[in-house]
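Enquirer: Provided herewith: upload.txt, compact mmCIF, C-alpha atoms and all ligand atoms.
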# COMPACT_ATOMS: atom_id res chain seq x y z
CA MET A 1 -84.27 92.15 -119.53
CA PHE A 2 -84.68 88.45 -120.18
CA PHE A 3 -81.30 87.34 -121.42
CA GLU A 4 -78.98 89.25 -119.14
CA LYS A 5 -78.73 86.37 -116.70
CA ILE A 6 -77.85 83.77 -119.35
CA ALA A 7 -74.47 82.20 -118.64
CA ALA A 8 -72.17 81.37 -121.55
CA ALA A 9 -72.19 77.65 -122.32
CA PRO A 10 -68.90 75.78 -122.48
CA ALA A 11 -67.68 74.77 -125.94
CA ASP A 12 -68.70 71.29 -127.08
CA PRO A 13 -65.86 68.91 -126.17
CA ILE A 14 -65.76 67.47 -129.71
CA LEU A 15 -67.30 69.92 -132.19
CA GLY A 16 -65.90 72.90 -130.22
CA LEU A 17 -62.45 71.52 -130.96
CA THR A 18 -63.14 71.69 -134.72
CA GLU A 19 -63.93 75.40 -134.35
CA GLU A 20 -60.67 75.94 -132.46
CA PHE A 21 -58.79 73.96 -135.10
CA LYS A 22 -60.22 76.12 -137.90
CA ASN A 23 -59.01 79.26 -136.13
CA ASP A 24 -55.48 77.87 -135.67
CA SER A 25 -53.19 79.52 -138.22
CA ARG A 26 -50.35 76.97 -138.01
CA ALA A 27 -49.80 75.22 -141.35
CA GLU A 28 -48.68 71.95 -139.76
CA LYS A 29 -51.83 71.58 -137.58
CA ILE A 30 -53.55 68.16 -137.44
CA ASN A 31 -57.19 67.54 -136.49
CA LEU A 32 -57.73 64.17 -134.85
CA GLY A 33 -60.66 65.37 -132.75
CA VAL A 34 -64.00 64.82 -134.40
CA GLY A 35 -64.85 61.36 -135.78
CA ILE A 36 -64.83 61.97 -139.51
CA PHE A 37 -63.31 59.53 -141.98
CA LYS A 38 -60.48 60.98 -144.07
CA ASN A 39 -58.73 59.29 -146.96
CA ASN A 40 -54.93 59.23 -147.15
CA GLU A 41 -55.04 62.69 -148.78
CA GLY A 42 -56.82 64.04 -145.70
CA GLN A 43 -60.14 64.47 -147.50
CA THR A 44 -63.63 63.23 -146.71
CA PRO A 45 -64.89 62.38 -150.19
CA ILE A 46 -68.48 61.54 -151.08
CA LEU A 47 -68.80 57.76 -151.50
CA LYS A 48 -69.14 56.62 -155.13
CA CYS A 49 -72.31 54.67 -154.31
CA VAL A 50 -73.80 57.86 -152.83
CA LYS A 51 -73.00 59.97 -155.93
CA LYS A 52 -74.53 57.31 -158.17
CA ALA A 53 -77.64 57.12 -155.98
CA GLU A 54 -77.95 60.92 -156.11
CA GLU A 55 -77.90 60.82 -159.92
CA ILE A 56 -80.77 58.33 -159.86
CA ILE A 57 -82.68 60.41 -157.31
CA LEU A 58 -82.19 63.63 -159.31
CA ALA A 59 -83.53 61.95 -162.44
CA THR A 60 -86.51 60.26 -160.82
CA GLU A 61 -87.77 62.33 -157.87
CA LYS A 62 -91.17 63.86 -158.54
CA THR A 63 -92.09 65.86 -155.47
CA LYS A 64 -90.78 67.66 -152.41
CA SER A 65 -93.94 66.98 -150.46
CA TYR A 66 -93.72 65.89 -146.77
CA LEU A 67 -92.61 62.40 -145.83
CA PRO A 68 -94.74 60.49 -143.30
CA ILE A 69 -93.92 61.46 -139.67
CA VAL A 70 -91.78 58.36 -139.25
CA GLY A 71 -90.16 58.56 -142.69
CA ALA A 72 -90.60 56.45 -145.80
CA PRO A 73 -91.72 52.86 -145.04
CA GLU A 74 -89.17 51.41 -147.50
CA TYR A 75 -86.34 53.16 -145.65
CA GLY A 76 -87.57 51.72 -142.35
CA ARG A 77 -87.77 48.22 -143.82
CA LEU A 78 -84.21 48.38 -145.18
CA VAL A 79 -82.82 49.72 -141.90
CA ARG A 80 -84.48 46.89 -139.99
CA GLU A 81 -83.00 44.31 -142.36
CA LEU A 82 -79.56 45.87 -142.01
CA VAL A 83 -79.69 45.83 -138.22
CA LEU A 84 -81.66 42.68 -137.45
CA GLY A 85 -80.62 40.58 -140.45
CA LYS A 86 -82.78 39.79 -143.48
CA ASP A 87 -83.84 36.43 -142.10
CA SER A 88 -84.59 37.61 -138.57
CA GLU A 89 -87.66 35.99 -137.09
CA ILE A 90 -88.50 39.37 -135.55
CA LEU A 91 -89.20 40.62 -139.07
CA ALA A 92 -91.34 37.59 -139.86
CA ALA A 93 -93.32 38.19 -136.65
CA ASP A 94 -93.60 41.93 -137.49
CA ARG A 95 -92.32 42.89 -134.02
CA ALA A 96 -90.05 45.80 -134.99
CA ARG A 97 -90.82 49.36 -136.08
CA THR A 98 -88.40 52.03 -137.37
CA ALA A 99 -88.72 55.79 -137.36
CA GLN A 100 -86.35 57.89 -139.47
CA ALA A 101 -84.48 60.53 -137.49
CA PRO A 102 -81.95 63.30 -138.15
CA GLY A 103 -78.71 61.41 -137.54
CA GLY A 104 -77.88 58.99 -134.77
CA THR A 105 -78.26 61.82 -132.26
CA GLY A 106 -81.84 62.49 -133.42
CA ALA A 107 -82.56 58.77 -133.13
CA LEU A 108 -81.18 58.65 -129.58
CA ARG A 109 -83.25 61.67 -128.62
CA VAL A 110 -86.49 60.30 -130.09
CA GLY A 111 -85.85 57.04 -128.22
CA ALA A 112 -85.04 58.90 -125.00
CA ASP A 113 -88.17 61.06 -125.26
CA PHE A 114 -90.29 57.98 -125.84
CA LEU A 115 -88.82 56.25 -122.76
CA LYS A 116 -89.30 59.27 -120.54
CA GLN A 117 -92.67 60.47 -121.78
CA GLN A 118 -94.27 57.01 -121.76
CA ASN A 119 -92.81 56.22 -118.32
CA VAL A 120 -91.08 53.18 -119.80
CA THR A 121 -88.15 53.88 -117.52
CA ALA A 122 -86.80 56.73 -115.38
CA LYS A 123 -83.13 55.83 -115.46
CA ILE A 124 -80.55 54.79 -118.02
CA TRP A 125 -77.12 53.29 -117.32
CA ILE A 126 -74.34 54.59 -119.52
CA SER A 127 -70.76 53.33 -119.84
CA ASP A 128 -67.96 55.27 -118.19
CA PRO A 129 -66.48 56.69 -120.41
CA THR A 130 -68.89 57.32 -123.25
CA TRP A 131 -69.49 59.70 -126.16
CA ALA A 132 -69.72 63.10 -124.47
CA ASN A 133 -73.08 63.92 -126.05
CA HIS A 134 -74.83 60.85 -124.59
CA MET A 135 -74.99 62.52 -121.19
CA GLN A 136 -76.61 65.60 -122.69
CA VAL A 137 -79.07 63.77 -124.96
CA PHE A 138 -80.42 61.49 -122.22
CA GLY A 139 -80.11 64.11 -119.48
CA LYS A 140 -81.99 66.81 -121.42
CA ALA A 141 -84.71 64.26 -122.21
CA GLY A 142 -85.21 64.10 -118.43
CA LEU A 143 -83.86 60.63 -117.73
CA GLU A 144 -81.78 60.02 -114.66
CA ILE A 145 -78.31 58.73 -115.57
CA GLY A 146 -76.22 56.08 -113.85
CA ARG A 147 -72.73 55.01 -114.93
CA TYR A 148 -71.30 51.54 -115.23
CA ALA A 149 -67.59 50.68 -115.41
CA TYR A 150 -66.25 49.95 -118.88
CA TYR A 151 -62.59 50.81 -119.28
CA ASP A 152 -59.78 49.16 -117.38
CA LYS A 153 -56.88 51.61 -117.23
CA ALA A 154 -54.41 48.96 -116.12
CA THR A 155 -54.99 46.62 -119.07
CA GLN A 156 -56.20 49.32 -121.51
CA GLY A 157 -59.04 46.88 -122.19
CA LEU A 158 -62.62 46.16 -121.20
CA ASP A 159 -63.39 46.10 -117.48
CA PHE A 160 -65.82 43.26 -118.02
CA GLU A 161 -66.06 42.23 -114.36
CA GLY A 162 -66.58 45.84 -113.27
CA MET A 163 -69.24 46.33 -115.92
CA LYS A 164 -71.20 43.22 -114.91
CA ASN A 165 -70.78 44.00 -111.25
CA ASP A 166 -72.13 47.56 -111.63
CA LEU A 167 -75.13 46.38 -113.61
CA ARG A 168 -75.80 43.64 -111.09
CA THR A 169 -75.39 45.71 -107.94
CA LYS A 170 -76.40 49.24 -108.95
CA ALA A 171 -79.02 48.98 -111.70
CA LYS A 172 -82.61 48.13 -110.74
CA ALA A 173 -85.08 46.04 -112.75
CA GLY A 174 -86.95 48.48 -114.97
CA ASP A 175 -83.92 50.68 -115.73
CA ALA A 176 -82.52 50.96 -119.25
CA VAL A 177 -78.91 50.32 -120.24
CA LEU A 178 -77.17 52.05 -123.13
CA LEU A 179 -74.68 49.90 -125.05
CA HIS A 180 -72.44 50.77 -127.98
CA ALA A 181 -73.21 48.05 -130.54
CA CYS A 182 -69.66 48.17 -131.94
CA CYS A 183 -66.62 50.46 -132.10
CA HIS A 184 -67.20 51.89 -128.63
CA ASN A 185 -66.83 55.66 -128.62
CA PRO A 186 -64.39 56.83 -127.21
CA THR A 187 -62.42 53.70 -126.28
CA GLY A 188 -62.64 51.51 -129.40
CA ILE A 189 -62.92 48.56 -126.99
CA ASP A 190 -65.76 46.11 -127.69
CA PRO A 191 -66.92 42.98 -125.86
CA ASP A 192 -66.04 39.76 -127.73
CA ALA A 193 -68.69 37.25 -128.86
CA ALA A 194 -68.67 35.28 -125.59
CA GLN A 195 -68.89 38.50 -123.55
CA TRP A 196 -71.84 39.78 -125.64
CA GLU A 197 -73.63 36.51 -125.01
CA GLU A 198 -73.00 36.76 -121.28
CA LEU A 199 -74.10 40.39 -121.16
CA ALA A 200 -77.25 39.60 -123.15
CA LYS A 201 -78.24 36.95 -120.61
CA LEU A 202 -77.31 39.15 -117.65
CA VAL A 203 -79.34 42.14 -118.88
CA ALA A 204 -82.37 39.87 -119.46
CA GLU A 205 -81.98 38.28 -116.04
CA LEU A 206 -81.73 41.71 -114.36
CA GLY A 207 -84.85 42.99 -116.13
CA LEU A 208 -83.06 45.93 -117.81
CA LEU A 209 -84.12 47.42 -121.15
CA PRO A 210 -81.25 47.42 -123.69
CA PHE A 211 -80.80 50.54 -125.82
CA PHE A 212 -78.06 50.26 -128.49
CA ASP A 213 -76.21 53.13 -130.09
CA PHE A 214 -75.21 51.75 -133.51
CA ALA A 215 -73.24 54.57 -135.14
CA TYR A 216 -70.41 52.58 -136.74
CA GLN A 217 -71.96 49.54 -138.43
CA GLY A 218 -69.29 48.19 -140.80
CA PHE A 219 -66.32 49.98 -139.20
CA GLY A 220 -65.44 47.16 -136.79
CA ASN A 221 -65.37 43.75 -138.43
CA GLY A 222 -68.02 43.98 -141.15
CA ILE A 223 -71.58 45.07 -141.78
CA ASP A 224 -73.25 41.90 -140.48
CA GLU A 225 -70.47 41.03 -138.07
CA ASP A 226 -70.89 44.36 -136.26
CA ALA A 227 -74.53 43.57 -135.51
CA ALA A 228 -73.54 40.40 -133.61
CA GLY A 229 -73.88 42.01 -130.17
CA ILE A 230 -77.39 43.28 -130.91
CA ARG A 231 -78.39 39.93 -132.37
CA ALA A 232 -77.06 38.09 -129.27
CA PHE A 233 -79.20 40.39 -127.11
CA LEU A 234 -82.28 39.71 -129.21
CA LYS A 235 -82.09 36.01 -128.36
CA TYR A 236 -82.74 36.73 -124.68
CA ASN A 237 -84.34 40.19 -124.63
CA PRO A 238 -87.69 40.54 -126.43
CA GLU A 239 -87.62 44.34 -126.19
CA VAL A 240 -84.68 46.37 -127.51
CA LEU A 241 -84.11 49.88 -128.91
CA ILE A 242 -81.49 50.57 -131.59
CA ALA A 243 -80.37 54.01 -132.76
CA SER A 244 -78.66 53.75 -136.17
CA SER A 245 -76.56 56.41 -137.82
CA PHE A 246 -75.51 56.57 -141.47
CA SER A 247 -73.13 59.49 -140.95
CA LYS A 248 -70.02 57.34 -140.93
CA ASN A 249 -70.77 54.21 -142.94
CA PHE A 250 -72.35 56.19 -145.81
CA GLY A 251 -70.23 59.31 -145.21
CA LEU A 252 -73.52 61.25 -144.97
CA TYR A 253 -72.40 63.44 -142.07
CA ASN A 254 -74.19 66.62 -143.07
CA GLU A 255 -77.33 64.94 -144.39
CA ARG A 256 -78.24 63.99 -140.80
CA ILE A 257 -79.66 60.58 -141.50
CA GLY A 258 -80.36 57.96 -138.85
CA ALA A 259 -83.17 55.83 -137.48
CA ILE A 260 -84.61 54.50 -134.27
CA THR A 261 -85.73 50.88 -134.38
CA VAL A 262 -87.81 49.49 -131.53
CA VAL A 263 -88.23 45.74 -131.15
CA SER A 264 -91.28 44.76 -129.08
CA ALA A 265 -92.46 41.42 -127.68
CA THR A 266 -95.56 41.29 -129.91
CA LYS A 267 -96.85 42.91 -133.09
CA ASP A 268 -99.57 44.56 -131.06
CA ASP A 269 -97.05 46.18 -128.69
CA ALA A 270 -95.02 47.26 -131.72
CA ASP A 271 -98.00 49.10 -133.20
CA ARG A 272 -98.72 50.99 -129.98
CA VAL A 273 -95.03 51.83 -129.47
CA PHE A 274 -94.87 53.13 -133.04
CA SER A 275 -97.84 55.42 -132.46
CA GLN A 276 -95.91 56.98 -129.55
CA LEU A 277 -92.69 57.28 -131.54
CA LYS A 278 -94.71 59.37 -133.99
CA ILE A 279 -95.60 61.77 -131.19
CA ALA A 280 -91.95 62.05 -130.16
CA VAL A 281 -90.93 62.84 -133.76
CA ARG A 282 -93.80 65.27 -134.37
CA ALA A 283 -93.00 67.20 -131.19
CA ASN A 284 -89.29 67.43 -132.03
CA PHE A 285 -89.02 68.06 -135.77
CA SER A 286 -92.46 67.23 -137.21
CA ASN A 287 -91.25 64.86 -139.92
CA PRO A 288 -87.85 64.04 -141.36
CA PRO A 289 -85.97 65.44 -144.37
CA VAL A 290 -85.89 63.19 -147.42
CA HIS A 291 -82.51 63.39 -149.13
CA GLY A 292 -80.34 61.23 -146.86
CA ALA A 293 -83.08 58.61 -146.58
CA SER A 294 -83.48 58.47 -150.36
CA ILE A 295 -79.74 57.90 -150.74
CA VAL A 296 -79.64 55.09 -148.17
CA THR A 297 -82.79 53.52 -149.64
CA THR A 298 -81.49 53.70 -153.22
CA VAL A 299 -78.09 52.24 -152.31
CA LEU A 300 -79.44 49.41 -150.17
CA SER A 301 -82.14 48.42 -152.67
CA THR A 302 -80.05 48.58 -155.88
CA PRO A 303 -77.86 45.45 -156.06
CA GLU A 304 -74.85 47.08 -157.84
CA LEU A 305 -74.89 50.07 -155.50
CA ARG A 306 -75.25 47.86 -152.46
CA ALA A 307 -72.21 45.84 -153.57
CA LEU A 308 -70.26 49.05 -154.20
CA TRP A 309 -71.25 50.37 -150.77
CA GLU A 310 -70.02 47.20 -149.06
CA GLU A 311 -66.72 47.55 -150.92
CA GLU A 312 -66.37 51.20 -149.94
CA VAL A 313 -67.16 50.48 -146.27
CA LYS A 314 -64.49 47.78 -146.34
CA GLU A 315 -61.98 50.22 -147.86
CA MET A 316 -62.67 52.73 -145.06
CA ARG A 317 -62.43 50.02 -142.40
CA ASP A 318 -59.17 48.66 -143.83
CA ARG A 319 -57.59 52.11 -144.08
CA ILE A 320 -58.32 52.85 -140.43
CA LYS A 321 -56.91 49.46 -139.38
CA GLU A 322 -53.79 50.14 -141.41
CA MET A 323 -53.31 53.53 -139.69
CA ARG A 324 -53.82 51.88 -136.31
CA SER A 325 -50.98 49.41 -136.82
CA LEU A 326 -48.76 52.03 -138.46
CA LEU A 327 -49.28 54.26 -135.40
CA VAL A 328 -48.28 51.41 -133.08
CA ASP A 329 -45.22 50.55 -135.21
CA LYS A 330 -44.02 54.14 -135.59
CA LEU A 331 -44.32 54.81 -131.86
CA LYS A 332 -42.38 51.64 -131.16
CA GLU A 333 -39.66 52.64 -133.67
CA ARG A 334 -39.29 55.86 -131.70
CA ASN A 335 -38.83 53.88 -128.47
CA ALA A 336 -41.88 55.54 -126.95
CA LYS A 337 -41.91 55.21 -123.15
CA VAL A 338 -45.31 53.54 -123.36
CA ASP A 339 -46.19 50.29 -125.17
CA PHE A 340 -49.04 51.33 -127.48
CA SER A 341 -49.70 47.86 -128.93
CA PHE A 342 -53.15 47.84 -127.23
CA ILE A 343 -54.27 50.24 -130.00
CA ASN A 344 -54.30 47.25 -132.37
CA ASN A 345 -56.99 45.60 -130.22
CA GLN A 346 -59.41 48.52 -130.60
CA TYR A 347 -62.14 48.85 -133.23
CA GLY A 348 -63.59 51.65 -135.29
CA MET A 349 -62.61 55.24 -135.77
CA PHE A 350 -61.23 55.94 -132.34
CA SER A 351 -58.38 55.03 -130.16
CA PHE A 352 -58.30 55.72 -126.47
CA SER A 353 -54.62 56.53 -126.29
CA GLY A 354 -54.19 56.78 -122.53
CA LEU A 355 -52.69 60.28 -123.00
CA SER A 356 -53.45 62.54 -120.04
CA LYS A 357 -55.33 65.86 -120.18
CA GLU A 358 -51.98 67.67 -119.77
CA GLN A 359 -50.39 65.72 -122.61
CA VAL A 360 -53.42 66.42 -124.82
CA ALA A 361 -53.14 70.13 -123.97
CA ARG A 362 -49.42 70.13 -124.87
CA LEU A 363 -50.09 68.40 -128.18
CA LYS A 364 -52.46 71.23 -129.02
CA SER A 365 -50.48 74.20 -127.77
CA GLU A 366 -46.98 73.09 -128.80
CA PHE A 367 -47.69 71.05 -131.94
CA GLY A 368 -51.12 72.09 -133.25
CA ILE A 369 -52.40 68.51 -132.84
CA TYR A 370 -56.03 68.41 -131.79
CA ILE A 371 -57.41 65.36 -129.97
CA VAL A 372 -60.31 65.10 -127.52
CA GLY A 373 -59.51 65.88 -123.84
CA SER A 374 -60.15 62.27 -122.80
CA GLY A 375 -57.14 61.22 -124.91
CA ARG A 376 -59.37 59.94 -127.73
CA ILE A 377 -57.59 60.02 -131.09
CA SER A 378 -59.61 59.87 -134.30
CA VAL A 379 -57.44 57.29 -136.09
CA ALA A 380 -59.55 57.92 -139.20
CA GLY A 381 -57.82 61.31 -139.50
CA ILE A 382 -54.27 59.90 -139.56
CA THR A 383 -52.55 59.80 -142.96
CA THR A 384 -49.13 58.67 -144.17
CA SER A 385 -48.25 62.40 -144.37
CA ASN A 386 -49.19 63.40 -140.83
CA ILE A 387 -48.24 60.22 -138.95
CA ASP A 388 -44.53 61.07 -138.53
CA PRO A 389 -45.03 64.53 -137.03
CA LEU A 390 -47.84 63.03 -134.91
CA CYS A 391 -45.61 60.28 -133.50
CA ASP A 392 -42.71 62.69 -132.95
CA ALA A 393 -45.01 64.96 -130.95
CA ILE A 394 -46.55 62.11 -128.92
CA VAL A 395 -43.10 60.84 -127.95
CA LYS A 396 -42.12 64.36 -126.87
CA VAL A 397 -45.12 64.83 -124.56
CA LEU A 398 -44.96 61.37 -122.94
C1 LIG B 401 -67.58 62.02 -132.66
O1 LIG B 401 -67.73 61.40 -131.62
O2 LIG B 401 -66.56 62.65 -132.94
C2 LIG B 401 -68.68 62.02 -133.69
O3 LIG B 401 -69.71 61.18 -133.27
C3 LIG B 401 -69.13 63.37 -134.06
C4 LIG B 401 -69.93 64.04 -132.99
O4 LIG B 401 -71.03 64.49 -133.29
O5 LIG B 401 -69.47 64.15 -131.86
Have the structure of the file written as structure tokens, please.

Expert:
Amino acid sequence: MFFEKIAAAPADPILGLTEEFKNDSRAEKINLGVGIFKNNEGQTPILKCVKKAEEIILATEKTKSYLPIVGAPEYGRLVRELVLGKDSEILAADRARTAQAPGGTGALRVGADFLKQQNVTAKIWISDPTWANHMQVFGKAGLEIGRYAYYDKATQGLDFEGMKNDLRTKAKAGDAVLLHACCHNPTGIDPDAAQWEELAKLVAELGLLPFFDFAYQGFGNGIDEDAAGIRAFLKYNPEVLIASSFSKNFGLYNERIGAITVVSATKDDADRVFSQLKIAVRANFSNPPVHGASIVTTVLSTPELRALWEEEVKEMRDRIKEMRSLLVDKLKERNAKVDFSFINNQYGMFSFSGLSKEQVARLKSEFGIYIVGSGRISVAGITTSNIDPLCDAIVKVL
């Protein structure tokens, strides 16, 4: 027998929770686990710009033939402009290449495979805490993983000194460092502009290779604003990898659409890197699916749809911010034992609430409220209908 010895894998800490939630028969249950945007009615609607783009695609598409291994060139060009900025001198110097990938996770994996298989680096430094799947994606690609400090429990903010100190004293020149470009998952805590600048210089000085996970562009401060950290890095670091995801900012969760962009020091390096990215894609999934890429391409290249998209991203961002401050206010009204005002200083879909594993477990078992074990709340799932029972329950478990 071959499979007898196979051990059962543990449930995924985030997506496993969704399965548990679905099987919960309580009517009052609330899912604040997985990072999915919900409107105030608790739905995840298709963006209007996406529906309109799909109508155009349906009327004009002529073939279902394969895309190139790295995806459509127009898609790659638009992604690079979105991430690097239309006027970036990197674009003028033709130093960046983009490969389409299935979601941000696919992009991270293609990047990780490239790093490992081309002996670019053997080790990557990842923030502690981080998105649970980072460890698996980089670990399964065969990279060694180191952790750097990120979260300061005492201030519920960024442990900037600890972060710099770990990179300075533990990382070695030639290692890579994974950074969340904005809306850090799970903490929602981002470096400010001055801190990004300092980090960019430090990483260059230490000889580390920056690898950005950019899954929430537009959910922090704005579409361009959220690229500020990456753009600060590009001033001092000629080589950078960026994994983009369009799951959240286009609401294209199940289309699995993302991209890996690699910035190189010269055009010549960029061409050789790109040839190796092709191998990484071909060995993983051969070539990418077209639909999500066609949507993103159509929206970004059609002025009215682009404007509509920017409006819709702003609406999502504003709704989450509103829920964040409502959560803080409602907990305060209930005289919660803890001051939760730090939640207003966090960005993006998530809030690192500081709730303990035991408190998280009680929220689930006693109240049917599902949040990730680390205490991460998906603020994007809070609505004006579920916020009162949520706050009542939080106050009870504190
Ligand atoms: C999350 O962190 O909840 C999202 O990125 C969804 C996922 O795949 O984990």

Enquirer: Give me, as a tab-separated table, each residue of chain A that comes within 7 Å of ligand LIG 401 (chain B), together with its shortest interatomic pair and the distance in Å at one decimal, counting all atoms listed in the file, with rows ordered by chain and rising residue number.

Expert:
residue	atom	partner	partner_atom	distance
A:Ile14	CA	B:LIG401	O5	5.4
A:Leu15	CA	B:LIG401	O5	6.2
A:Gly33	CA	B:LIG401	O2	6.5
A:Val34	CA	B:LIG401	O2	3.7
A:Gly35	CA	B:LIG401	O2	3.6
A:Ile36	CA	B:LIG401	O2	6.8
A:Trp131	CA	B:LIG401	O1	6.0
A:Asn133	CA	B:LIG401	O5	6.8
A:Asn185	CA	B:LIG401	O1	6.5

Enquirer: So that I have them on file, write out the residues from the current selection with C-alpha atoms, as a short mmCIF file (atom, residue, chain, number, x, y, z; two decimals), in the coordinates of the input.

Expert:
data_model
loop_
_atom_site.label_atom_id
_atom_site.label_comp_id
_atom_site.auth_asym_id
_atom_site.auth_seq_id
_atom_site.Cartn_x
_atom_site.Cartn_y
_atom_site.Cartn_z
CA ILE A 14 -65.76 67.47 -129.71
CA LEU A 15 -67.30 69.92 -132.19
CA GLY A 33 -60.66 65.37 -132.75
CA VAL A 34 -64.00 64.82 -134.40
CA GLY A 35 -64.85 61.36 -135.78
CA ILE A 36 -64.83 61.97 -139.51
CA TRP A 131 -69.49 59.70 -126.16
CA ASN A 133 -73.08 63.92 -126.05
CA ASN A 185 -66.83 55.66 -128.62
#

Enquirer: Would you compute the distance between CA of Ala149 (chain A) and CA of Thr130 (chain A)? Give it in Å to one decimal.

Expert: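 A separation of 10.4 Å between them.
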
Enquirer: Each residue of region 107-213 of chain A lying at most 10 Å from region 244-260 of chain A should get a row with its shortest atom-to-atom pair and the distance in Å to one decimal, counting only C-alpha atoms; could you produce that, ordered by chain and increasing number, as a tab-separated table?

Expert:
residue	atom	partner	partner_atom	distance
A:Ala107	CA	A:Ile260	CA	4.9
A:Leu108	CA	A:Ile260	CA	7.1
A:Arg109	CA	A:Ile260	CA	9.2
A:Val110	CA	A:Ile260	CA	7.4
A:Gly111	CA	A:Ile260	CA	6.7
A:Ala181	CA	A:Ser244	CA	9.7
A:Phe212	CA	A:Ser244	CA	8.5
A:Asp213	CA	A:Ser244	CA	6.6

Enquirer: How far is it from CA of Leu82 (chain A) to CA of Asp224 (chain A), in Å with one decimal?

Expert: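 Those two atoms sit 7.6 Å apart.
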
Enquirer: Any idea what the distance is between CA of Leu208 (chain A) and CA of Gly162 (chain A)?

Expert: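 About the pair CA of Leu208 (chain A) and CA of Gly162 (chain A): they are 17.1 Å apart.
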
Enquirer: Counting only C-alpha atoms, figure out which residue out of A:Gly218, A:Gly207, A:Pro102, A:Gly157 gets nearest to Pro191 (chain A).

Expert: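 Ranked by minimum distance to Pro191 (chain A), first place goes to A:Gly157.
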
Enquirer: Nearest to Met349 (chain A) among A:Arg319, A:Lys22, A:Lys396, A:Lys235, with distances taken over only C-alpha atoms: which residue is it?

Expert: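 With only C-alpha atoms as the atom set, the closest residue is A:Arg319.
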
Enquirer: Can you pull out every residue within 7 Å of region 365-374 of chain A, counting all atoms listed in the file, but drop anything in the same chain fewer than 4 positions away, and send it as number ranges by chain?

Expert: A: 13-14, 26, 28-33, 357, 360-361, 393

Enquirer: Mind dumping the selected residues with C-alpha atoms as a PDB file, keeping the file's coordinate frame?

Expert:
ATOM      1  CA  PRO A  13     -65.860  68.910-126.170  1.00  0.00           C
ATOM      2  CA  ILE A  14     -65.760  67.470-129.710  1.00  0.00           C
ATOM      3  CA  ARG A  26     -50.350  76.970-138.010  1.00  0.00           C
ATOM      4  CA  GLU A  28     -48.680  71.950-139.760  1.00  0.00           C
ATOM      5  CA  LYS A  29     -51.830  71.580-137.580  1.00  0.00           C
ATOM      6  CA  ILE A  30     -53.550  68.160-137.440  1.00  0.00           C
ATOM      7  CA  ASN A  31     -57.190  67.540-136.490  1.00  0.00           C
ATOM      8  CA  LEU A  32     -57.730  64.170-134.850  1.00  0.00           C
ATOM      9  CA  GLY A  33     -60.660  65.370-132.750  1.00  0.00           C
ATOM     10  CA  LYS A 357     -55.330  65.860-120.180  1.00  0.00           C
ATOM     11  CA  VAL A 360     -53.420  66.420-124.820  1.00  0.00           C
ATOM     12  CA  ALA A 361     -53.140  70.130-123.970  1.00  0.00           C
ATOM     13  CA  ALA A 393     -45.010  64.960-130.950  1.00  0.00           C
TER      14      ALA A 393
END

Enquirer: Considering all atoms listed in the file, return as a JSON list (two decimals) with C-alpha atoms, in the frame of the given file whatever protein or nucleic-acid residues lie within 7 Å of Ala200 (chain A), sequence-local ones (same chain, fewer than 5 positions apart) excluded.

Expert:
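File written: part-v4.json
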[["chain", "number", "residue", "atom", "x", "y", "z"],
["A", 232, "ALA", "CA", -77.06, 38.09, -129.27],
["A", 233, "PHE", "CA", -79.20, 40.39, -127.11],
["A", 236, "TYR", "CA", -82.74, 36.73, -124.68]]

Enquirer: Identify which of the residues A:Thr63, A:Thr383, A:Gln100, A:Asn39 lies closest to Thr297 (chain A), counting all atoms listed in the file when measuring atom-to-atom distances.

Expert: A:Gln100
